[in-house]
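A.B. asks: Contents of protein.cif (mmCIF, N, CA and C atoms and all ligand atoms) are given next:
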```cif
data_start
loop_
_atom_site.label_atom_id
_atom_site.label_comp_id
_atom_site.auth_asym_id
_atom_site.auth_seq_id
_atom_site.Cartn_x
_atom_site.Cartn_y
_atom_site.Cartn_z
N MET A 1 41.09 126.47 295.48
CA MET A 1 41.59 127.09 294.23
C MET A 1 42.71 128.08 294.57
N PRO A 2 43.74 128.13 293.75
CA PRO A 2 44.80 129.11 294.00
C PRO A 2 44.30 130.54 293.78
N LYS A 3 44.80 131.42 294.64
CA LYS A 3 44.50 132.85 294.47
C LYS A 3 45.61 133.49 293.65
N VAL A 4 45.24 134.27 292.67
CA VAL A 4 46.21 134.92 291.78
C VAL A 4 45.85 136.39 291.65
N ARG A 5 46.88 137.22 291.55
CA ARG A 5 46.67 138.65 291.30
C ARG A 5 46.83 138.96 289.82
N VAL A 6 45.96 139.81 289.32
CA VAL A 6 45.95 140.18 287.91
C VAL A 6 46.02 141.71 287.84
N THR A 7 46.90 142.22 286.99
CA THR A 7 47.06 143.68 286.85
C THR A 7 46.79 144.09 285.41
N ARG A 8 46.02 145.13 285.26
CA ARG A 8 45.81 145.75 283.95
C ARG A 8 46.40 147.15 284.00
N ARG A 9 47.18 147.49 282.97
CA ARG A 9 47.74 148.83 282.88
C ARG A 9 46.96 149.63 281.84
N LEU A 10 46.63 150.87 282.18
CA LEU A 10 45.93 151.76 281.26
C LEU A 10 46.65 153.11 281.27
N HIS A 11 46.32 153.90 280.30
CA HIS A 11 47.02 155.17 280.11
C HIS A 11 46.02 156.31 279.95
N PHE A 12 46.38 157.48 280.50
CA PHE A 12 45.61 158.67 280.17
C PHE A 12 46.53 159.89 280.22
N ALA A 13 46.17 160.90 279.47
CA ALA A 13 46.89 162.18 279.49
C ALA A 13 45.97 163.21 280.11
N ALA A 14 46.51 163.99 281.04
CA ALA A 14 45.67 164.97 281.73
C ALA A 14 46.50 166.15 282.20
N ALA A 15 45.80 167.25 282.43
CA ALA A 15 46.43 168.46 282.95
C ALA A 15 46.00 168.66 284.40
N HIS A 16 46.85 169.33 285.16
CA HIS A 16 46.45 169.72 286.51
C HIS A 16 47.31 170.88 287.01
N ARG A 17 46.84 171.44 288.09
CA ARG A 17 47.62 172.43 288.83
C ARG A 17 47.52 172.04 290.29
N LEU A 18 48.66 171.93 290.98
CA LEU A 18 48.62 171.62 292.40
C LEU A 18 48.51 172.92 293.18
N CYS A 19 47.48 173.01 294.01
CA CYS A 19 47.37 174.18 294.87
C CYS A 19 46.40 173.87 296.01
N ASN A 20 46.63 174.54 297.12
CA ASN A 20 45.71 174.48 298.25
C ASN A 20 44.97 175.81 298.26
N ALA A 21 43.64 175.76 298.12
CA ALA A 21 42.85 176.98 298.01
C ALA A 21 42.98 177.86 299.25
N ALA A 22 43.39 177.25 300.36
CA ALA A 22 43.53 178.02 301.60
C ALA A 22 44.86 178.79 301.64
N PHE A 23 45.78 178.45 300.72
CA PHE A 23 47.08 179.14 300.67
C PHE A 23 46.99 180.35 299.75
N ASP A 24 47.85 181.35 299.99
CA ASP A 24 47.99 182.42 299.00
C ASP A 24 49.02 181.97 297.96
N ASP A 25 49.21 182.80 296.93
CA ASP A 25 50.10 182.41 295.82
C ASP A 25 51.50 182.07 296.31
N ALA A 26 52.01 182.87 297.26
CA ALA A 26 53.38 182.65 297.73
C ALA A 26 53.49 181.31 298.47
N GLN A 27 52.46 180.98 299.27
CA GLN A 27 52.48 179.69 299.98
C GLN A 27 52.38 178.53 299.00
N ASN A 28 51.51 178.67 298.01
CA ASN A 28 51.40 177.60 297.01
C ASN A 28 52.71 177.41 296.27
N ARG A 29 53.36 178.51 295.96
CA ARG A 29 54.65 178.45 295.27
C ARG A 29 55.68 177.76 296.16
N ALA A 30 55.65 178.08 297.45
CA ALA A 30 56.64 177.50 298.37
C ALA A 30 56.43 176.00 298.53
N VAL A 31 55.17 175.55 298.57
CA VAL A 31 54.89 174.13 298.83
C VAL A 31 54.95 173.32 297.54
N PHE A 32 54.38 173.85 296.46
CA PHE A 32 54.20 173.04 295.25
C PHE A 32 55.13 173.42 294.10
N GLY A 33 55.88 174.51 294.27
CA GLY A 33 56.84 174.90 293.24
C GLY A 33 56.18 175.14 291.89
N ALA A 34 56.86 174.70 290.82
CA ALA A 34 56.33 174.92 289.46
C ALA A 34 55.02 174.18 289.24
N CYS A 35 54.75 173.16 290.06
CA CYS A 35 53.47 172.42 289.93
C CYS A 35 52.28 173.30 290.26
N SER A 36 52.51 174.48 290.86
CA SER A 36 51.39 175.38 291.15
C SER A 36 51.31 176.53 290.16
N ASN A 37 52.07 176.49 289.06
CA ASN A 37 51.94 177.54 288.04
C ASN A 37 50.47 177.68 287.66
N PRO A 38 49.99 178.93 287.60
CA PRO A 38 48.53 179.15 287.47
C PRO A 38 47.89 178.46 286.28
N ASN A 39 48.58 178.33 285.17
CA ASN A 39 47.95 177.77 283.98
C ASN A 39 48.13 176.26 283.84
N GLY A 40 48.74 175.64 284.83
CA GLY A 40 48.79 174.19 284.86
C GLY A 40 49.84 173.58 283.94
N HIS A 41 49.89 172.27 283.95
CA HIS A 41 50.83 171.50 283.14
C HIS A 41 50.25 170.09 282.98
N GLY A 42 50.88 169.29 282.13
CA GLY A 42 50.29 167.99 281.84
C GLY A 42 51.20 166.82 282.19
N HIS A 43 50.58 165.64 282.27
CA HIS A 43 51.32 164.39 282.47
C HIS A 43 50.73 163.31 281.58
N ASN A 44 51.57 162.37 281.20
CA ASN A 44 51.11 161.11 280.63
C ASN A 44 51.11 160.08 281.75
N TYR A 45 49.94 159.83 282.29
CA TYR A 45 49.80 158.95 283.45
C TYR A 45 49.71 157.49 283.01
N GLN A 46 50.29 156.62 283.80
CA GLN A 46 50.07 155.18 283.66
C GLN A 46 49.33 154.73 284.92
N LEU A 47 48.25 154.00 284.71
CA LEU A 47 47.44 153.51 285.82
C LEU A 47 47.48 151.99 285.82
N GLU A 48 47.84 151.40 286.97
CA GLU A 48 47.88 149.94 287.09
C GLU A 48 46.87 149.53 288.15
N VAL A 49 45.89 148.75 287.75
CA VAL A 49 44.85 148.28 288.66
C VAL A 49 45.05 146.79 288.89
N THR A 50 45.23 146.41 290.15
CA THR A 50 45.50 145.01 290.49
C THR A 50 44.33 144.44 291.26
N VAL A 51 43.86 143.26 290.84
CA VAL A 51 42.78 142.56 291.53
C VAL A 51 43.28 141.16 291.90
N GLU A 52 42.58 140.56 292.86
CA GLU A 52 42.96 139.21 293.30
C GLU A 52 41.71 138.35 293.39
N GLY A 53 41.84 137.10 293.00
CA GLY A 53 40.73 136.18 293.13
C GLY A 53 41.19 134.77 292.87
N GLU A 54 40.25 133.84 293.03
CA GLU A 54 40.55 132.44 292.77
C GLU A 54 40.46 132.16 291.28
N VAL A 55 41.31 131.27 290.82
CA VAL A 55 41.30 130.90 289.41
C VAL A 55 40.08 130.02 289.15
N ASP A 56 39.25 130.47 288.22
CA ASP A 56 38.06 129.71 287.84
C ASP A 56 38.51 128.46 287.07
N PRO A 57 38.18 127.26 287.56
CA PRO A 57 38.69 126.06 286.89
C PRO A 57 38.15 125.87 285.47
N THR A 58 37.03 126.47 285.18
CA THR A 58 36.47 126.27 283.83
C THR A 58 37.11 127.19 282.80
N THR A 59 37.56 128.39 283.22
CA THR A 59 38.18 129.32 282.27
C THR A 59 39.69 129.43 282.45
N GLY A 60 40.18 129.11 283.67
CA GLY A 60 41.59 129.35 283.95
C GLY A 60 41.88 130.81 284.27
N PHE A 61 40.83 131.65 284.34
CA PHE A 61 40.98 133.08 284.62
C PHE A 61 40.55 133.39 286.06
N VAL A 62 41.15 134.43 286.65
CA VAL A 62 40.56 135.06 287.83
C VAL A 62 39.34 135.86 287.39
N LEU A 63 39.53 136.63 286.33
CA LEU A 63 38.43 137.33 285.66
C LEU A 63 38.88 137.59 284.24
N ASP A 64 37.96 137.89 283.39
CA ASP A 64 38.30 138.23 282.02
C ASP A 64 38.96 139.60 282.04
N VAL A 65 40.23 139.67 281.67
CA VAL A 65 40.95 140.94 281.79
C VAL A 65 40.36 142.00 280.86
N LYS A 66 39.67 141.58 279.81
CA LYS A 66 39.00 142.57 278.96
C LYS A 66 37.86 143.24 279.73
N ARG A 67 37.22 142.48 280.62
CA ARG A 67 36.16 143.09 281.44
C ARG A 67 36.76 144.11 282.39
N LEU A 68 37.92 143.76 282.97
CA LEU A 68 38.60 144.71 283.86
C LEU A 68 38.98 145.96 283.09
N ARG A 69 39.52 145.77 281.90
CA ARG A 69 39.90 146.92 281.05
C ARG A 69 38.68 147.80 280.77
N ASP A 70 37.58 147.18 280.37
CA ASP A 70 36.38 147.95 280.01
C ASP A 70 35.82 148.70 281.22
N LEU A 71 35.84 148.04 282.37
CA LEU A 71 35.32 148.66 283.59
C LEU A 71 36.14 149.92 283.95
N VAL A 72 37.47 149.77 283.96
CA VAL A 72 38.31 150.91 284.33
C VAL A 72 38.24 151.99 283.26
N SER A 73 38.13 151.58 282.02
CA SER A 73 37.98 152.57 280.94
C SER A 73 36.71 153.38 281.12
N ASP A 74 35.61 152.68 281.40
CA ASP A 74 34.32 153.36 281.49
C ASP A 74 34.22 154.24 282.74
N LEU A 75 34.73 153.75 283.87
CA LEU A 75 34.54 154.44 285.15
C LEU A 75 35.61 155.50 285.42
N VAL A 76 36.78 155.35 284.78
CA VAL A 76 37.91 156.21 285.15
C VAL A 76 38.52 156.92 283.93
N ILE A 77 38.99 156.13 282.98
CA ILE A 77 39.79 156.70 281.88
C ILE A 77 38.97 157.67 281.04
N GLN A 78 37.73 157.29 280.78
CA GLN A 78 36.87 158.16 279.96
C GLN A 78 36.74 159.55 280.57
N ASP A 79 36.70 159.62 281.89
CA ASP A 79 36.57 160.92 282.57
C ASP A 79 37.89 161.68 282.63
N LEU A 80 39.01 160.96 282.76
CA LEU A 80 40.29 161.63 283.02
C LEU A 80 41.08 161.96 281.76
N ASP A 81 40.91 161.17 280.70
CA ASP A 81 41.78 161.35 279.54
C ASP A 81 41.49 162.68 278.83
N HIS A 82 42.54 163.46 278.62
CA HIS A 82 42.45 164.78 277.99
C HIS A 82 41.56 165.74 278.79
N ALA A 83 41.56 165.57 280.09
CA ALA A 83 40.80 166.46 280.98
C ALA A 83 41.75 167.33 281.79
N ASN A 84 41.19 168.39 282.35
CA ASN A 84 41.88 169.18 283.37
C ASN A 84 41.36 168.68 284.71
N LEU A 85 42.24 168.06 285.49
CA LEU A 85 41.81 167.38 286.72
C LEU A 85 41.29 168.35 287.78
N ASN A 86 41.60 169.64 287.64
CA ASN A 86 41.12 170.63 288.60
C ASN A 86 39.66 171.02 288.36
N VAL A 87 39.22 170.90 287.12
CA VAL A 87 37.89 171.47 286.82
C VAL A 87 36.94 170.54 286.06
N ASP A 88 37.45 169.52 285.39
CA ASP A 88 36.61 168.76 284.44
C ASP A 88 35.97 167.50 285.00
N VAL A 89 36.38 167.05 286.17
CA VAL A 89 36.00 165.71 286.62
C VAL A 89 35.20 165.82 287.93
N GLY A 90 33.91 165.53 287.85
CA GLY A 90 33.04 165.70 289.02
C GLY A 90 33.51 164.97 290.24
N TRP A 91 34.04 163.74 290.06
CA TRP A 91 34.44 162.96 291.24
C TRP A 91 35.81 163.37 291.78
N LEU A 92 36.41 164.41 291.20
CA LEU A 92 37.61 165.02 291.80
C LEU A 92 37.32 166.42 292.36
N ASP A 93 36.05 166.80 292.38
CA ASP A 93 35.71 168.13 292.88
C ASP A 93 36.21 168.33 294.30
N GLY A 94 36.81 169.47 294.55
CA GLY A 94 37.26 169.81 295.89
C GLY A 94 38.56 169.14 296.30
N VAL A 95 39.21 168.44 295.36
CA VAL A 95 40.44 167.71 295.67
C VAL A 95 41.63 168.39 294.99
N ASN A 96 42.71 168.59 295.74
CA ASN A 96 43.96 169.01 295.12
C ASN A 96 44.48 167.80 294.34
N PRO A 97 44.56 167.87 293.01
CA PRO A 97 44.79 166.65 292.23
C PRO A 97 46.24 166.18 292.20
N THR A 98 46.77 165.91 293.38
CA THR A 98 48.05 165.21 293.47
C THR A 98 47.84 163.76 293.04
N ALA A 99 48.91 163.07 292.71
CA ALA A 99 48.79 161.65 292.34
C ALA A 99 48.16 160.87 293.49
N GLU A 100 48.52 161.21 294.73
CA GLU A 100 47.96 160.51 295.89
C GLU A 100 46.44 160.62 295.93
N ASN A 101 45.96 161.87 295.82
CA ASN A 101 44.51 162.09 295.91
C ASN A 101 43.77 161.46 294.72
N VAL A 102 44.36 161.54 293.55
CA VAL A 102 43.71 160.95 292.37
C VAL A 102 43.65 159.43 292.51
N ALA A 103 44.71 158.82 293.01
CA ALA A 103 44.72 157.36 293.18
C ALA A 103 43.63 156.91 294.15
N VAL A 104 43.45 157.65 295.24
CA VAL A 104 42.40 157.30 296.22
C VAL A 104 41.03 157.39 295.59
N ARG A 105 40.78 158.46 294.84
CA ARG A 105 39.47 158.61 294.18
C ARG A 105 39.26 157.53 293.11
N ILE A 106 40.31 157.16 292.41
CA ILE A 106 40.18 156.08 291.41
C ILE A 106 39.79 154.78 292.11
N TRP A 107 40.42 154.50 293.24
CA TRP A 107 40.06 153.29 294.01
C TRP A 107 38.54 153.26 294.26
N HIS A 108 38.01 154.37 294.75
CA HIS A 108 36.59 154.38 295.12
C HIS A 108 35.68 154.32 293.89
N ARG A 109 36.17 154.73 292.73
CA ARG A 109 35.39 154.56 291.50
C ARG A 109 35.25 153.08 291.13
N ILE A 110 36.32 152.32 291.39
CA ILE A 110 36.37 150.93 290.91
C ILE A 110 35.86 149.94 291.95
N ASP A 111 36.16 150.20 293.21
CA ASP A 111 35.88 149.22 294.27
C ASP A 111 34.38 148.92 294.32
N GLY A 112 34.06 147.64 294.45
CA GLY A 112 32.67 147.23 294.50
C GLY A 112 32.08 146.87 293.15
N HIS A 113 32.83 147.08 292.08
CA HIS A 113 32.34 146.77 290.74
C HIS A 113 32.97 145.50 290.15
N LEU A 114 33.78 144.81 290.94
CA LEU A 114 34.54 143.68 290.40
C LEU A 114 33.93 142.36 290.87
N GLU A 115 33.06 141.81 290.06
CA GLU A 115 32.44 140.54 290.44
C GLU A 115 33.51 139.45 290.47
N GLY A 116 33.54 138.72 291.61
CA GLY A 116 34.43 137.57 291.69
C GLY A 116 35.88 137.89 291.94
N ALA A 117 36.22 139.15 292.09
CA ALA A 117 37.61 139.52 292.37
C ALA A 117 37.62 140.66 293.38
N ARG A 118 38.73 140.80 294.06
CA ARG A 118 38.88 141.83 295.09
C ARG A 118 39.91 142.84 294.62
N LEU A 119 39.58 144.11 294.74
CA LEU A 119 40.54 145.15 294.38
C LEU A 119 41.68 145.15 295.39
N VAL A 120 42.92 145.08 294.90
CA VAL A 120 44.09 145.00 295.77
C VAL A 120 44.87 146.31 295.78
N SER A 121 45.09 146.89 294.63
CA SER A 121 45.84 148.14 294.61
C SER A 121 45.56 148.95 293.36
N VAL A 122 45.70 150.25 293.54
CA VAL A 122 45.68 151.21 292.44
C VAL A 122 47.04 151.89 292.46
N ARG A 123 47.78 151.70 291.38
CA ARG A 123 49.11 152.31 291.26
C ARG A 123 49.05 153.34 290.14
N LEU A 124 49.46 154.55 290.47
CA LEU A 124 49.39 155.64 289.50
C LEU A 124 50.78 156.22 289.30
N TRP A 125 51.28 156.03 288.07
CA TRP A 125 52.56 156.63 287.68
C TRP A 125 52.27 158.00 287.10
N GLU A 126 52.79 159.04 287.76
CA GLU A 126 52.58 160.40 287.25
C GLU A 126 53.69 160.76 286.25
N THR A 127 54.88 160.25 286.50
CA THR A 127 55.99 160.36 285.56
C THR A 127 56.67 159.00 285.55
N GLU A 128 57.70 158.86 284.74
CA GLU A 128 58.42 157.58 284.71
C GLU A 128 59.11 157.30 286.03
N ARG A 129 59.28 158.34 286.85
CA ARG A 129 60.03 158.16 288.09
C ARG A 129 59.16 158.20 289.34
N ASN A 130 57.92 158.71 289.20
CA ASN A 130 57.08 158.91 290.40
C ASN A 130 55.85 158.02 290.36
N LEU A 131 55.75 157.16 291.36
CA LEU A 131 54.65 156.21 291.48
C LEU A 131 54.02 156.36 292.86
N VAL A 132 52.68 156.39 292.90
CA VAL A 132 51.97 156.29 294.18
C VAL A 132 51.11 155.04 294.12
N GLU A 133 50.88 154.43 295.28
CA GLU A 133 50.07 153.23 295.36
C GLU A 133 49.06 153.38 296.50
N TYR A 134 47.79 153.06 296.21
CA TYR A 134 46.77 153.06 297.25
C TYR A 134 46.19 151.66 297.35
N ARG A 135 46.08 151.17 298.59
CA ARG A 135 45.59 149.81 298.81
C ARG A 135 44.34 149.79 299.69
N GLY A 136 43.61 150.89 299.70
CA GLY A 136 42.31 150.90 300.36
C GLY A 136 42.35 151.10 301.86
N GLU A 137 43.49 151.48 302.42
CA GLU A 137 43.60 151.61 303.87
C GLU A 137 43.33 153.06 304.30
NI NI Y 1 52.05 167.62 287.90
#
```
Would you encode the structure as structure tokens?
Ligand code: NI
C.D. replies:
Amino acid sequence: MPKVRVTRRLHFAAAHRLCNAAFDDAQNRAVFGACSNPNGHGHNYQLEVTVEGEVDPTTGFVLDVKRLRDLVSDLVIQDLDHANLNVDVGWLDGVNPTAENVAVRIWHRIDGHLEGARLVSVRLWETERNLVEYRGE
């Protein structure tokens, strides 16, 4: 059977502040700039989750993309949407919520829950110009 990759895009809005707790205010300002402003700021994130699997000859699908949507919605979007990533999300505790760190944690939320398909990548757009991608390495 041919292997095909399937991507679902989802959206969430969230606030965060970038800071390293081990730094003082001046160091945080030097490393993270305005992203370390004490009261935080927000982004409209786009999340792209890509899976790979064999095309099921009876359905013509790798997987039902609605199932992928529901899974990512339940495990990820529900927790992140309209949240403060520094304080509201248990599975981000202790993490400086850069796009890189959030993408890695999202991977671990989803991986292992995809029957019949393999998680290939988590792509997180923090702005229209900034994209990070994690592929489980
Ligand atoms: Ni930011």
A.B. asks: I need the alpha helix (DSSP H) residues of chain A per DSSP on the backbone, written as number ranges by chain.
C.D. replies: A: 25-32, 65-72, 78-80, 99-110
A.B. asks: Write out the residues from the selection above, keeping N, CA and C atoms, as a PDB file, in the coordinates of the input.
C.D. replies:
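Dumped to part_10.pdb:
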```pdb
ATOM      1  N   ASP A  25      49.210 182.800 296.930  1.00  0.00           N
ATOM      2  CA  ASP A  25      50.100 182.410 295.820  1.00  0.00           C
ATOM      3  C   ASP A  25      51.500 182.070 296.310  1.00  0.00           C
ATOM      4  N   ALA A  26      52.010 182.870 297.260  1.00  0.00           N
ATOM      5  CA  ALA A  26      53.380 182.650 297.730  1.00  0.00           C
ATOM      6  C   ALA A  26      53.490 181.310 298.470  1.00  0.00           C
ATOM      7  N   GLN A  27      52.460 180.980 299.270  1.00  0.00           N
ATOM      8  CA  GLN A  27      52.480 179.690 299.980  1.00  0.00           C
ATOM      9  C   GLN A  27      52.380 178.530 299.000  1.00  0.00           C
ATOM     10  N   ASN A  28      51.510 178.670 298.010  1.00  0.00           N
ATOM     11  CA  ASN A  28      51.400 177.600 297.010  1.00  0.00           C
ATOM     12  C   ASN A  28      52.710 177.410 296.270  1.00  0.00           C
ATOM     13  N   ARG A  29      53.360 178.510 295.960  1.00  0.00           N
ATOM     14  CA  ARG A  29      54.650 178.450 295.270  1.00  0.00           C
ATOM     15  C   ARG A  29      55.680 177.760 296.160  1.00  0.00           C
ATOM     16  N   ALA A  30      55.650 178.080 297.450  1.00  0.00           N
ATOM     17  CA  ALA A  30      56.640 177.500 298.370  1.00  0.00           C
ATOM     18  C   ALA A  30      56.430 176.000 298.530  1.00  0.00           C
ATOM     19  N   VAL A  31      55.170 175.550 298.570  1.00  0.00           N
ATOM     20  CA  VAL A  31      54.890 174.130 298.830  1.00  0.00           C
ATOM     21  C   VAL A  31      54.950 173.320 297.540  1.00  0.00           C
ATOM     22  N   PHE A  32      54.380 173.850 296.460  1.00  0.00           N
ATOM     23  CA  PHE A  32      54.200 173.040 295.250  1.00  0.00           C
ATOM     24  C   PHE A  32      55.130 173.420 294.100  1.00  0.00           C
ATOM     25  N   VAL A  65      40.230 139.670 281.670  1.00  0.00           N
ATOM     26  CA  VAL A  65      40.950 140.940 281.790  1.00  0.00           C
ATOM     27  C   VAL A  65      40.360 142.000 280.860  1.00  0.00           C
ATOM     28  N   LYS A  66      39.670 141.580 279.810  1.00  0.00           N
ATOM     29  CA  LYS A  66      39.000 142.570 278.960  1.00  0.00           C
ATOM     30  C   LYS A  66      37.860 143.240 279.730  1.00  0.00           C
ATOM     31  N   ARG A  67      37.220 142.480 280.620  1.00  0.00           N
ATOM     32  CA  ARG A  67      36.160 143.090 281.440  1.00  0.00           C
ATOM     33  C   ARG A  67      36.760 144.110 282.390  1.00  0.00           C
ATOM     34  N   LEU A  68      37.920 143.760 282.970  1.00  0.00           N
ATOM     35  CA  LEU A  68      38.600 144.710 283.860  1.00  0.00           C
ATOM     36  C   LEU A  68      38.980 145.960 283.090  1.00  0.00           C
ATOM     37  N   ARG A  69      39.520 145.770 281.900  1.00  0.00           N
ATOM     38  CA  ARG A  69      39.900 146.920 281.050  1.00  0.00           C
ATOM     39  C   ARG A  69      38.680 147.800 280.770  1.00  0.00           C
ATOM     40  N   ASP A  70      37.580 147.180 280.370  1.00  0.00           N
ATOM     41  CA  ASP A  70      36.380 147.950 280.010  1.00  0.00           C
ATOM     42  C   ASP A  70      35.820 148.700 281.220  1.00  0.00           C
ATOM     43  N   LEU A  71      35.840 148.040 282.370  1.00  0.00           N
ATOM     44  CA  LEU A  71      35.320 148.660 283.590  1.00  0.00           C
ATOM     45  C   LEU A  71      36.140 149.920 283.950  1.00  0.00           C
ATOM     46  N   VAL A  72      37.470 149.770 283.960  1.00  0.00           N
ATOM     47  CA  VAL A  72      38.310 150.910 284.330  1.00  0.00           C
ATOM     48  C   VAL A  72      38.240 151.990 283.260  1.00  0.00           C
ATOM     49  N   GLN A  78      37.730 157.290 280.780  1.00  0.00           N
ATOM     50  CA  GLN A  78      36.870 158.160 279.960  1.00  0.00           C
ATOM     51  C   GLN A  78      36.740 159.550 280.570  1.00  0.00           C
ATOM     52  N   ASP A  79      36.700 159.620 281.890  1.00  0.00           N
ATOM     53  CA  ASP A  79      36.570 160.920 282.570  1.00  0.00           C
ATOM     54  C   ASP A  79      37.890 161.680 282.630  1.00  0.00           C
ATOM     55  N   LEU A  80      39.010 160.960 282.760  1.00  0.00           N
ATOM     56  CA  LEU A  80      40.290 161.630 283.020  1.00  0.00           C
ATOM     57  C   LEU A  80      41.080 161.960 281.760  1.00  0.00           C
ATOM     58  N   ALA A  99      48.910 163.070 292.710  1.00  0.00           N
ATOM     59  CA  ALA A  99      48.790 161.650 292.340  1.00  0.00           C
ATOM     60  C   ALA A  99      48.160 160.870 293.490  1.00  0.00           C
ATOM     61  N   GLU A 100      48.520 161.210 294.730  1.00  0.00           N
ATOM     62  CA  GLU A 100      47.960 160.510 295.890  1.00  0.00           C
ATOM     63  C   GLU A 100      46.440 160.620 295.930  1.00  0.00           C
ATOM     64  N   ASN A 101      45.960 161.870 295.820  1.00  0.00           N
ATOM     65  CA  ASN A 101      44.510 162.090 295.910  1.00  0.00           C
ATOM     66  C   ASN A 101      43.770 161.460 294.720  1.00  0.00           C
ATOM     67  N   VAL A 102      44.360 161.540 293.550  1.00  0.00           N
ATOM     68  CA  VAL A 102      43.710 160.950 292.370  1.00  0.00           C
ATOM     69  C   VAL A 102      43.650 159.430 292.510  1.00  0.00           C
ATOM     70  N   ALA A 103      44.710 158.820 293.010  1.00  0.00           N
ATOM     71  CA  ALA A 103      44.720 157.360 293.180  1.00  0.00           C
ATOM     72  C   ALA A 103      43.630 156.910 294.150  1.00  0.00           C
ATOM     73  N   VAL A 104      43.450 157.650 295.240  1.00  0.00           N
ATOM     74  CA  VAL A 104      42.400 157.300 296.220  1.00  0.00           C
ATOM     75  C   VAL A 104      41.030 157.390 295.590  1.00  0.00           C
ATOM     76  N   ARG A 105      40.780 158.460 294.840  1.00  0.00           N
ATOM     77  CA  ARG A 105      39.470 158.610 294.180  1.00  0.00           C
ATOM     78  C   ARG A 105      39.260 157.530 293.110  1.00  0.00           C
ATOM     79  N   ILE A 106      40.310 157.160 292.410  1.00  0.00           N
ATOM     80  CA  ILE A 106      40.180 156.080 291.410  1.00  0.00           C
ATOM     81  C   ILE A 106      39.790 154.780 292.110  1.00  0.00           C
ATOM     82  N   TRP A 107      40.420 154.500 293.240  1.00  0.00           N
ATOM     83  CA  TRP A 107      40.060 153.290 294.010  1.00  0.00           C
ATOM     84  C   TRP A 107      38.540 153.260 294.260  1.00  0.00           C
ATOM     85  N   HIS A 108      38.010 154.370 294.750  1.00  0.00           N
ATOM     86  CA  HIS A 108      36.590 154.380 295.120  1.00  0.00           C
ATOM     87  C   HIS A 108      35.680 154.320 293.890  1.00  0.00           C
ATOM     88  N   ARG A 109      36.170 154.730 292.730  1.00  0.00           N
ATOM     89  CA  ARG A 109      35.390 154.560 291.500  1.00  0.00           C
ATOM     90  C   ARG A 109      35.250 153.080 291.130  1.00  0.00           C
ATOM     91  N   ILE A 110      36.320 152.320 291.390  1.00  0.00           N
ATOM     92  CA  ILE A 110      36.370 150.930 290.910  1.00  0.00           C
ATOM     93  C   ILE A 110      35.860 149.940 291.950  1.00  0.00           C
TER      94      ILE A 110
END
```
A.B. asks: Considering all atoms listed in the file, can you say which of A:Phe32, A:Phe23, A:Tyr45, A:Trp107 comes closest to Leu10 of chain A?
C.D. replies: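 Closest candidate: A:Tyr45.
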A.B. asks: Restricting the calculation to all atoms listed in the file: of A:Thr58, A:Gln46, A:Thr98, A:Asn37, which residue gets closest to Phe12 of chain A?
C.D. replies: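 Closest residue, counting all atoms listed in the file: A:Gln46.
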A.B. asks: Identify, counting only N, CA and C atoms and all ligand atoms, the protein, DNA and RNA residues located within 6 Å of ligand NI 1 (chain Y), and give them as a list in words.
C.D. replies: His16, Cys35, His41 and Gly42 of chain A
A.B. asks: Atom C of Gly40 of chain A and atom N of Asp88 of chain A are how many Å apart?
C.D. replies: 13.1 Å
A.B. asks: Between atom N of Gly53 of chain A and atom CA of Leu68 of chain A, what is the distance, to one decimal in Å?
C.D. replies: 12.3 Å
A.B. asks: Work out how far atom N of His108 of chain A is from atom C of Val89 of chain A, in Å to one decimal.
C.D. replies: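 Separating atom C of Val89 of chain A from atom N of His108 of chain A is a distance of 13.6 Å.
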